[in-house]
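Working notes, structure below.
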Amino acid sequence: MLQQSIESAGAALHPLANSAANYLWLVVVLPLLGFVINGALSLIPAAKIGPCDPDMGHDGHSEHAGHVGSGDSHDDAHHPTRSRYVGLVSIIGPLVLALSFALSLSIFLAMRGTEMTTPFIQKYWTWMVTGDLKIDFAFQLDQLSMLMVLVITGIGTLIHLFSVGYMKEDPGYPRYFAYLNLFVAFMLILVLGSSYAVMFIGWEGVGLCSYLLIGFWFSEKANADAGKKAFIVNRIGDFGFLVAMFLIFANVGTLDFTGVAASAGTFAFGGAVITAICLFLFLGCAGKSAQIPLYVWLPDAMAGPTPVSALIHAATMVTAGVYLIARSSFLFSLAPVASLTVAFIGGLTALFAATIGLKQWDIKKVLAYSTVSQLGYMFVAVGVGAYTAGVFHLATHAFFKALLFLGSGSVIHVMHAAYHSTHKHDDAQDMRNMGGLRKFMPVTWVLMWIATLAIAGIPPFAGFFSKDEILASVFARTSHSTLADASWLGIPGSTVLYIVYGMAVIAALLTAIYMTRMMIYTFHGPNRTGEKEQEAMHETPWIMTLPLAVLGVLSLFGGWLNIPPIMSFLGPALSLEHWLEPIVGASTLAVTKGEAVHLSHSTEYVLIGLAIAIAVAGILFAIIFLKPSKLVNKERSEPEVGFSKVLENKYYVDEIYDKTILKPTYALSKNVLWRGLDAGIIDNMFVNGSAFVAKGFAWMGSRLQSGSTGRYAWLIVLGAIIVLGVFSFR
Amino acid sequence: MLAEAMALSAVLFGIGIVGVLTRRNAIIIFMCVELMLNAVNLSFIAFAQYYGMGGQVLVLLVMTVAAAEAAVGLAIIISLFRHQKTVDLQNINLLKG
C-alpha cells in the first residue's frame with residue numbers, strides 16, 4: 001500500500017536504502033492501527049449499561065483510577081461495568097507498540113552498521129503545493145530522530161503494559177488504549193517528520209491526545225477543565241511555532257529541515273530575523289514543554305490517569321520542545337540572544353518549579369513540578385548550545401521520571417484499593433494519608449528510590465551524568481563562546497550564564513530535597529492510612545512491577561549513554577555525543593567558536609564534586625529535618641502559614657493569571673466583543689439595521705398600494721405620459 | 001383625411017381617459033375603457049388606408065381582446081355587486097397594503 005507510493009528521494013544511494021529502514025512507515029502505522037481497532041472496540045457499548053463515571057466520589061483533585069474490586073462481590077451492584085473487550089484490547093494495545101519498538105530496534109541496528117552522514121529521507125506523497133511552497137509528507141530518519149523513536153516506543157511499550165494492570169477496571173478501557181496508541185503515532189510523526197510542517201502535524205496531534213487523556217474522566221468538571229486549560233495554553237505556544245514557520249518560509253523558501261539547514265548560512269549572525277525566528281520557536285517550546293510563563297497547564301494535567309502522566313506529561317510529549325530546539329540547532333547557534341533567553345528561562349523555570357515542589361502534598365503534583373523543573377534543565381542545556389547534553393538529559397529523564405510516575409501510579413492504585421475496600425472516601429494521592437508503604441510494597445519502594453537517587457544526581461545513576469554534563473556545559477560556556485560575548489538585555493552574556501549556573505545548582509539542591517521528602521512521607525515512618533485499610537494493601541501485580549523494574553535498570557545504567565571523558569574508566573566515553581555528531585556537532589562547535597569544550601581536569605573534578613555534594617546535602621537535609629512520624633492525616637493537618645503557604649499555593653500564579661489575563665479577557669470579550677461588537681455592531685447595526693431599512697422601503701411601497709382603483713388609474717396614466725414624454729423629448 | 005381621423009381618435013381617447021379617471025361607477029369606467037380601445041381602432045383603420053392592411057388585422061385583434069375583456073370584466077363586476085351591493089369603486093378597496 002504505502003510502500004508502493006514511496007518515491008526514492010535519492011534513497012537509492014543512501015546506505016540505509018535496502019535495510020529495515022525501508023519499513024520506517026510501519027513504525028508509525030502500527031500504533032495508528034492499534035488506535036483504529038481499539039477505537040472501534042470502544043464504540044461498542046459495554047455489556048451492562050452503567051454510568052460512565054468510574055467513581056461517584058469525593059473531591060475533584062484525586063484520581064479515580066484503579067478500582068480493584070477484587071474480592072468484594074457485594075460491591076458489584078453499584079460498581080461500573082468493565083468493558084467487554086478487556087482481553088482483546090489488552091493484547092492489541094501493548095502489542096502494536098512492542099512491534100513498533102522491535103522494528104525501530106532493528107532499524108537502529110541497521111543504522112549502527114553503517115556510516116551515516118546524511119539523513120535517510122523517505123517521501124510518501126506530496127502534501128501540498130501552493131505557489132513557491134511545496135511540502136512533502138516525508139519522514140526523516142537520522143541519529144536524533146532514531147534516539148527519540150527508541151525512547152518513545154520503548155518507554156511507550158512499558159507504559160502500555162503498566163496500563164493493562166492500572167486501567168483494567170475502567171469502563172473506558174478501549175477508549176483509553178485508543179487514545180494512547182494515537183498519541184504514540186502522533187509523537188512518532190512529530191519526531192520523524194522531515195519538515196517543520198510535518199512535525200507540526202505531530203505537534204498538534206499530541207496536543208489533541210494530551211487533551212483527550214487529561215480529560216479522560218471528563219464527567220468530573222475539574223478534569224475536563226484541566227484538559228481545556230492544557231489545550232488553550234498550548235495554543236498560545238503553537239501560535240509562536242506557526243509564526244516561526246512563516247518567518248522561516250519567508251526568508252528561506254522551504255520548510256524541510258535539510259533545506260533550512262543548508263541555507264541557514266544566509267542569515268546574518270545574531271540578526272533580528274534569526275533572533276525572531278528562534279524566539280517564536282521557543283514560544284512554541286515553552287507551551288509544549290511547560291516553561292515559564294506557559295507551564296501552568298502541566299501540573300493540572302495530572303488530572304489524567306497516572307500512566308498518561310508518565311508517558312505524555314513526563315517522558316515524551318513535554319520533551320518535544322527540547323527536541324525542536326535540538327533539531328533547529330543550526331538556527332539557534334546563529335542567535336546568541338535567543339539562546340541566552342532559552343537558557344535563562346530554562347534556569348528560572350528549573351528553580352521556580354523546584355521551590356513549588358517543596359511544599360506540595362499531592363504525590364503527583366510533586367512529580368509534576370519536578371518535571372517542569374527538569375525540563376528547565378534541558379532548556380538550559382539546549383540554550384547554552386550543549387544540544388547533546390539536553391537530549392541526553394531528555395533520555396535519562398524519560399527513564400527515571402517514567403519510573404517515578406508509574407511508581408506513584410502503583411501507590412495510588414494501592415491506596416485507592418485500600419480506601420475502596422472499606423468504603424472510605426479520602427484522598428488517595430495525598431502523601432499525608434500514606435506513610436510506611438515500604439512494608440506493603442517493597443519492590444516499588446526500592447525502584448522508586450533508584451529513580452529518586454537518579455533524579456537527585458547521585459552517581460552512578462542516570463541523572464547524575466546528564467545533570468553534571470549540563471552544569472559543566474553552562475560553566476564552560478561562560479568564557480570563550482558566542483553566548484558569553486553576546487549581550488542580553490544589556491547584561492553581558494557571561495554574567496547571564498553565571499546566573500543560570502547558580503539557578504541550576506540551587507535547583508539541583510532543591511530537587512534532592514523535595515524528592516527525598518516525597519519518598520520519606522510516602523514510604524517511611526508510620527502508616528497514616530488507617531488500621532482497616534492496611535489489610536487491603538499489597539504489592540501490585542507483575543504486569544505493573546515489571547515495567548517498573550525495566551525502567552529501574554534503565555535509570556541505573558542510562559548514564560552509560562554518555563560518560564564524560566574523565567570517567568572513561570567506566571566504559572566508552574561520549575557515545576551519545578558521537579552518535580549525535582552529524583546532527584548537532586556543527587552547531588555546538590559554532591557556539592563554542594569552533595573549538596571543543598575545554599575545561600581543565602581539576603575544574604571538572606571540582607564541578608563534579610560540587611554536584612555530588614549538593615545532591616547528598618539535599619538528601620541528608622531532608623532526612624534529618626523531615627519527621628514523618630510527626631505528620632498527621634490530611635483531614636487533621638493544620639494549614640500552612642507564611643512563605644510555606646505561598647509555596648503550597650504555587651506562588652498564586654494561577655490566581656495572578658486569573659486576575660491579570662483571564663478576568664480582563666473575559667471582561668473584554670463580554671463587554672466589548674460580545675455586547676459591543678457582536679450584539680451591538682453586527683447584530684444590531686448590520687442584521688437588525690438592514691432589516692429596518694428594508695422594512696422602511698417596504699412601508700413606503702405599501703403606502704402606494706392604497707386599494708383605490710381610481711388612484712391606480714391615475715398612476716398608469718401618469719406613467720404612460722412620462723414614458724411618452726421621455727420618448728418624445730429625448 | 002388622415003389628420004381629421006387622428007384628431008377624432010385623439011378626442012375619443014381623451015374622453016375615455018377623463019371618464020376612467022373621474023367616474024366611480026365600475027360600469028361607466030368599463031365603457032370608457034371600451035371607448036379608448038375604439039379610439040385606437042379608429043386610428044388603426046385610418047392608418048390602414050395609407051400604409052397597408054396591417055392596421056385592419058390589428059383592429060380585428062383588438063376587437064377580439066376587447067370582447068374577451070368585456071366578458072371577464074362584466075363577470076367580475078357582477079360578482080362584485082353580489083357581494084358588496086354596489087359597483088362604486090370608492091367602496092371597493094380591500095386590497096390595500
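Going by the C-alpha cells order, chains are called A, B, ..., each with residues numbered from 1, while ligands are numbered from 1 in the order shown.
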With only C-alpha atoms as the counted atoms, please give the residues lying no more than 12 Å from Ile363 (chain A), apart from itself and same-chain residues fewer than 2 positions off, as a PyMOL selection string.
chain A and resi 61-63+299+302+306+357-361+365-370+404-412+415+427-435+514-515+517-523
Dump as CSV the rows for residues of chain B within 7 Å of chain A: closest atom pair and distance in Å with one decimal, only C-alpha atoms counted, ordered by chain and rising residue number.
residue,atom,partner,partner_atom,distance
B:Leu21,CA,A:Gly710,CA,6.2
B:Leu89,CA,A:Thr709,CA,6.6
B:Gln90,CA,A:Ser708,CA,6.5
B:Asn93,CA,A:Gly707,CA,4.3
B:Leu94,CA,A:Gly707,CA,6.2
B:Leu95,CA,A:Gly707,CA,4.8
B:Lys96,CA,A:Gly707,CA,4.1
B:Gly97,CA,A:Ser702,CA,4.7
Can I get the selected residues back with N, CA and C atoms, as a PDB file, in the first residue's frame?
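Result went into result-v6.pdb, see below:
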ATOM      1  N   LEU B  21     -60.726  58.326 -15.258  1.00  0.00           N
ATOM      2  CA  LEU B  21     -60.134  58.960 -14.090  1.00  0.00           C
ATOM      3  C   LEU B  21     -61.184  59.598 -13.191  1.00  0.00           C
ATOM      4  N   LEU B  89     -66.436  52.142  -7.097  1.00  0.00           N
ATOM      5  CA  LEU B  89     -65.076  51.681  -6.811  1.00  0.00           C
ATOM      6  C   LEU B  89     -64.493  52.312  -5.555  1.00  0.00           C
ATOM      7  N   GLN B  90     -65.049  53.426  -5.090  1.00  0.00           N
ATOM      8  CA  GLN B  90     -64.519  54.024  -3.865  1.00  0.00           C
ATOM      9  C   GLN B  90     -64.743  53.133  -2.650  1.00  0.00           C
ATOM     10  N   ASN B  93     -61.957  48.661  -1.754  1.00  0.00           N
ATOM     11  CA  ASN B  93     -60.515  48.857  -1.605  1.00  0.00           C
ATOM     12  C   ASN B  93     -59.934  47.846  -0.609  1.00  0.00           C
ATOM     13  N   LEU B  94     -60.407  46.603  -0.710  1.00  0.00           N
ATOM     14  CA  LEU B  94     -59.928  45.576   0.221  1.00  0.00           C
ATOM     15  C   LEU B  94     -58.435  45.296   0.051  1.00  0.00           C
ATOM     16  N   LEU B  95     -57.932  45.451  -1.155  1.00  0.00           N
ATOM     17  CA  LEU B  95     -56.544  45.034  -1.431  1.00  0.00           C
ATOM     18  C   LEU B  95     -55.552  46.151  -1.189  1.00  0.00           C
ATOM     19  N   LYS B  96     -55.619  46.785   0.012  1.00  0.00           N
ATOM     20  CA  LYS B  96     -54.619  47.835   0.198  1.00  0.00           C
ATOM     21  C   LYS B  96     -53.468  47.352   1.076  1.00  0.00           C
ATOM     22  N   GLY B  97     -52.321  47.964   0.903  1.00  0.00           N
ATOM     23  CA  GLY B  97     -51.115  47.491   1.583  1.00  0.00           C
ATOM     24  C   GLY B  97     -50.999  48.013   2.990  1.00  0.00           C
TER      25      GLY B  97
END
Compile the contact shell of Gly73 (chain B) as a CSV table (one decimal) with C-alpha atoms, in the first residue's frame: residues with an atom at most 9 Å away, counting only C-alpha atoms, same-chain residues fewer than 5 positions apart removed.
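Below is the file out.csv, written as the result:
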chain,number,residue,atom,x,y,z
B,30,PHE,CA,-65.6,50.0,-18.2
B,68,ALA,CA,-62.9,38.7,-24.1
B,78,ILE,CA,-71.5,41.2,-11.4
Just asking: which residues within region 33-95 of chain B are alpha helix (DSSP H) according to DSSP, as a VMD selection string?
chain B and resid 33 to 51 54 to 84
May I have the residues from that selection written out with C-alpha atoms, as an mmCIF file, in the first residue's frame?
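Written file, selection16.cif:
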data_model
loop_
_atom_site.group_PDB
_atom_site.id
_atom_site.type_symbol
_atom_site.label_atom_id
_atom_site.label_comp_id
_atom_site.auth_asym_id
_atom_site.auth_seq_id
_atom_site.Cartn_x
_atom_site.Cartn_y
_atom_site.Cartn_z
ATOM 1 C CA VAL B 33 -62.063 51.775 -21.454
ATOM 2 C CA GLU B 34 -64.018 50.420 -24.438
ATOM 3 C CA LEU B 35 -64.172 53.932 -25.801
ATOM 4 C CA MET B 36 -60.392 54.182 -25.563
ATOM 5 C CA LEU B 37 -59.957 50.888 -27.349
ATOM 6 C CA ASN B 38 -62.235 52.008 -30.120
ATOM 7 C CA ALA B 39 -60.350 55.297 -30.444
ATOM 8 C CA VAL B 40 -57.242 53.243 -31.051
ATOM 9 C CA ASN B 41 -59.154 51.072 -33.539
ATOM 10 C CA LEU B 42 -60.150 54.201 -35.414
ATOM 11 C CA SER B 43 -56.544 55.334 -35.747
ATOM 12 C CA PHE B 44 -55.556 51.838 -36.937
ATOM 13 C CA ILE B 45 -58.215 51.931 -39.623
ATOM 14 C CA ALA B 46 -57.083 55.355 -40.709
ATOM 15 C CA PHE B 47 -53.504 54.228 -40.945
ATOM 16 C CA ALA B 48 -54.559 51.161 -42.881
ATOM 17 C CA GLN B 49 -55.802 53.449 -45.643
ATOM 18 C CA TYR B 50 -52.285 54.701 -46.250
ATOM 19 C CA TYR B 51 -49.858 52.094 -45.056
ATOM 20 C CA GLY B 54 -51.678 45.514 -41.258
ATOM 21 C CA GLY B 55 -53.804 48.077 -39.438
ATOM 22 C CA GLN B 56 -57.013 46.209 -40.186
ATOM 23 C CA VAL B 57 -55.557 42.975 -38.899
ATOM 24 C CA LEU B 58 -54.638 44.689 -35.665
ATOM 25 C CA VAL B 59 -58.164 46.078 -35.375
ATOM 26 C CA LEU B 60 -59.559 42.565 -35.529
ATOM 27 C CA LEU B 61 -57.130 41.546 -32.859
ATOM 28 C CA VAL B 62 -58.077 44.460 -30.593
ATOM 29 C CA MET B 63 -61.776 43.691 -31.051
ATOM 30 C CA THR B 64 -61.205 40.101 -30.054
ATOM 31 C CA VAL B 65 -59.338 41.139 -26.966
ATOM 32 C CA ALA B 66 -61.979 43.704 -26.144
ATOM 33 C CA ALA B 67 -64.712 41.099 -26.431
ATOM 34 C CA ALA B 68 -62.870 38.746 -24.124
ATOM 35 C CA GLU B 69 -62.156 41.578 -21.725
ATOM 36 C CA ALA B 70 -65.793 42.605 -21.734
ATOM 37 C CA ALA B 71 -66.860 39.092 -20.856
ATOM 38 C CA VAL B 72 -64.377 38.754 -17.993
ATOM 39 C CA GLY B 73 -64.764 42.327 -16.771
ATOM 40 C CA LEU B 74 -68.549 42.192 -16.677
ATOM 41 C CA ALA B 75 -68.403 38.865 -14.875
ATOM 42 C CA ILE B 76 -66.131 40.412 -12.223
ATOM 43 C CA ILE B 77 -68.430 43.405 -11.870
ATOM 44 C CA ILE B 78 -71.458 41.156 -11.417
ATOM 45 C CA SER B 79 -69.839 39.099 -8.738
ATOM 46 C CA LEU B 80 -68.576 42.266 -7.058
ATOM 47 C CA PHE B 81 -72.113 43.591 -6.978
ATOM 48 C CA ARG B 82 -73.397 40.353 -5.487
ATOM 49 C CA HIS B 83 -71.007 40.661 -2.569
ATOM 50 C CA GLN B 84 -70.874 44.387 -1.965
#
Neighbours of Ile107 (chain A) within 7 Å (only C-alpha atoms; same-chain residues fewer than 4 positions away dropped), as a PDB file with C-alpha atoms, in the first residue's frame?
ATOM      1  CA  ALA A  20      14.942  -2.366   7.751  1.00  0.00           C
ATOM      2  CA  ALA A  21      14.646   1.406   7.456  1.00  0.00           C
ATOM      3  CA  LEU A 103      11.085  -2.618  14.299  1.00  0.00           C
ATOM      4  CA  MET A 111      21.996   2.231  11.368  1.00  0.00           C
TER       5      MET A 111
END
Interatomic distance between CA of Phe686 (chain A) and CA of Ser669 (chain A)?
19.5 Å
Distance CA of Thr478 (chain A)-CA of Val584 (chain A), one decimal place?
20.0 Å
Find the spatial neighbours of Ala590 (chain A), counting only C-alpha atoms, within a cut-off of 7 Å - ignore same-chain residues fewer than 4 positions away - and output them as a PDB file with N, CA and C atoms, in the first residue's frame.
ATOM      1  N   SER A 333      22.115  28.251  17.003  1.00  0.00           N
ATOM      2  CA  SER A 333      23.527  28.587  17.178  1.00  0.00           C
ATOM      3  C   SER A 333      23.868  29.904  16.496  1.00  0.00           C
ATOM      4  N   ALA A 586      28.072  20.438  14.422  1.00  0.00           N
ATOM      5  CA  ALA A 586      28.498  21.705  13.837  1.00  0.00           C
ATOM      6  C   ALA A 586      27.947  22.878  14.631  1.00  0.00           C
ATOM      7  N   GLY A 594      34.156  27.128  17.382  1.00  0.00           N
ATOM      8  CA  GLY A 594      34.949  26.192  16.600  1.00  0.00           C
ATOM      9  C   GLY A 594      35.903  25.328  17.383  1.00  0.00           C
TER      10      GLY A 594
END
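Take CA of Phe461 (chain A) and CA of Gly558 (chain A): the distance between them is 7.3 Å.
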Tell me which protein, DNA and RNA residues are within 12 Å of Phe625 (chain A), counting only C-alpha atoms, leaving out same-chain ones fewer than 3 positions away, and put them as a VMD selection string.
chain A and resid 513 to 514 516 to 517 520 617 to 622 628 to 630
In region 437-561 of chain A, DSSP strand (DSSP E) residues written as number ranges by chain
A: 487-488, 491-492
Take the residues from that selection and put them in a file with C-alpha atoms, as a PDB file, in the first residue's frame.
ATOM      1  CA  SER A 487      24.683  40.940  25.444  1.00  0.00           C
ATOM      2  CA  TRP A 488      21.272  40.024  26.795  1.00  0.00           C
ATOM      3  CA  ILE A 491      23.676  42.285  30.672  1.00  0.00           C
ATOM      4  CA  PRO A 492      26.868  40.623  29.427  1.00  0.00           C
TER       5      PRO A 492
END
Any idea what's packed within 10 Å of Ser587 (chain A), counting only C-alpha atoms, ignoring anything in its chain fewer than 5 positions away? Could you give it as a list of chain:residue names?
A:Ala326, A:Ser328, A:Ser329, A:Phe330, A:Leu331, A:Phe332, A:Ser333, A:Leu334, A:Gly385, A:Ala386, A:Tyr387, A:Glu581, A:Pro582, A:Thr592, A:Lys593, A:Gly594
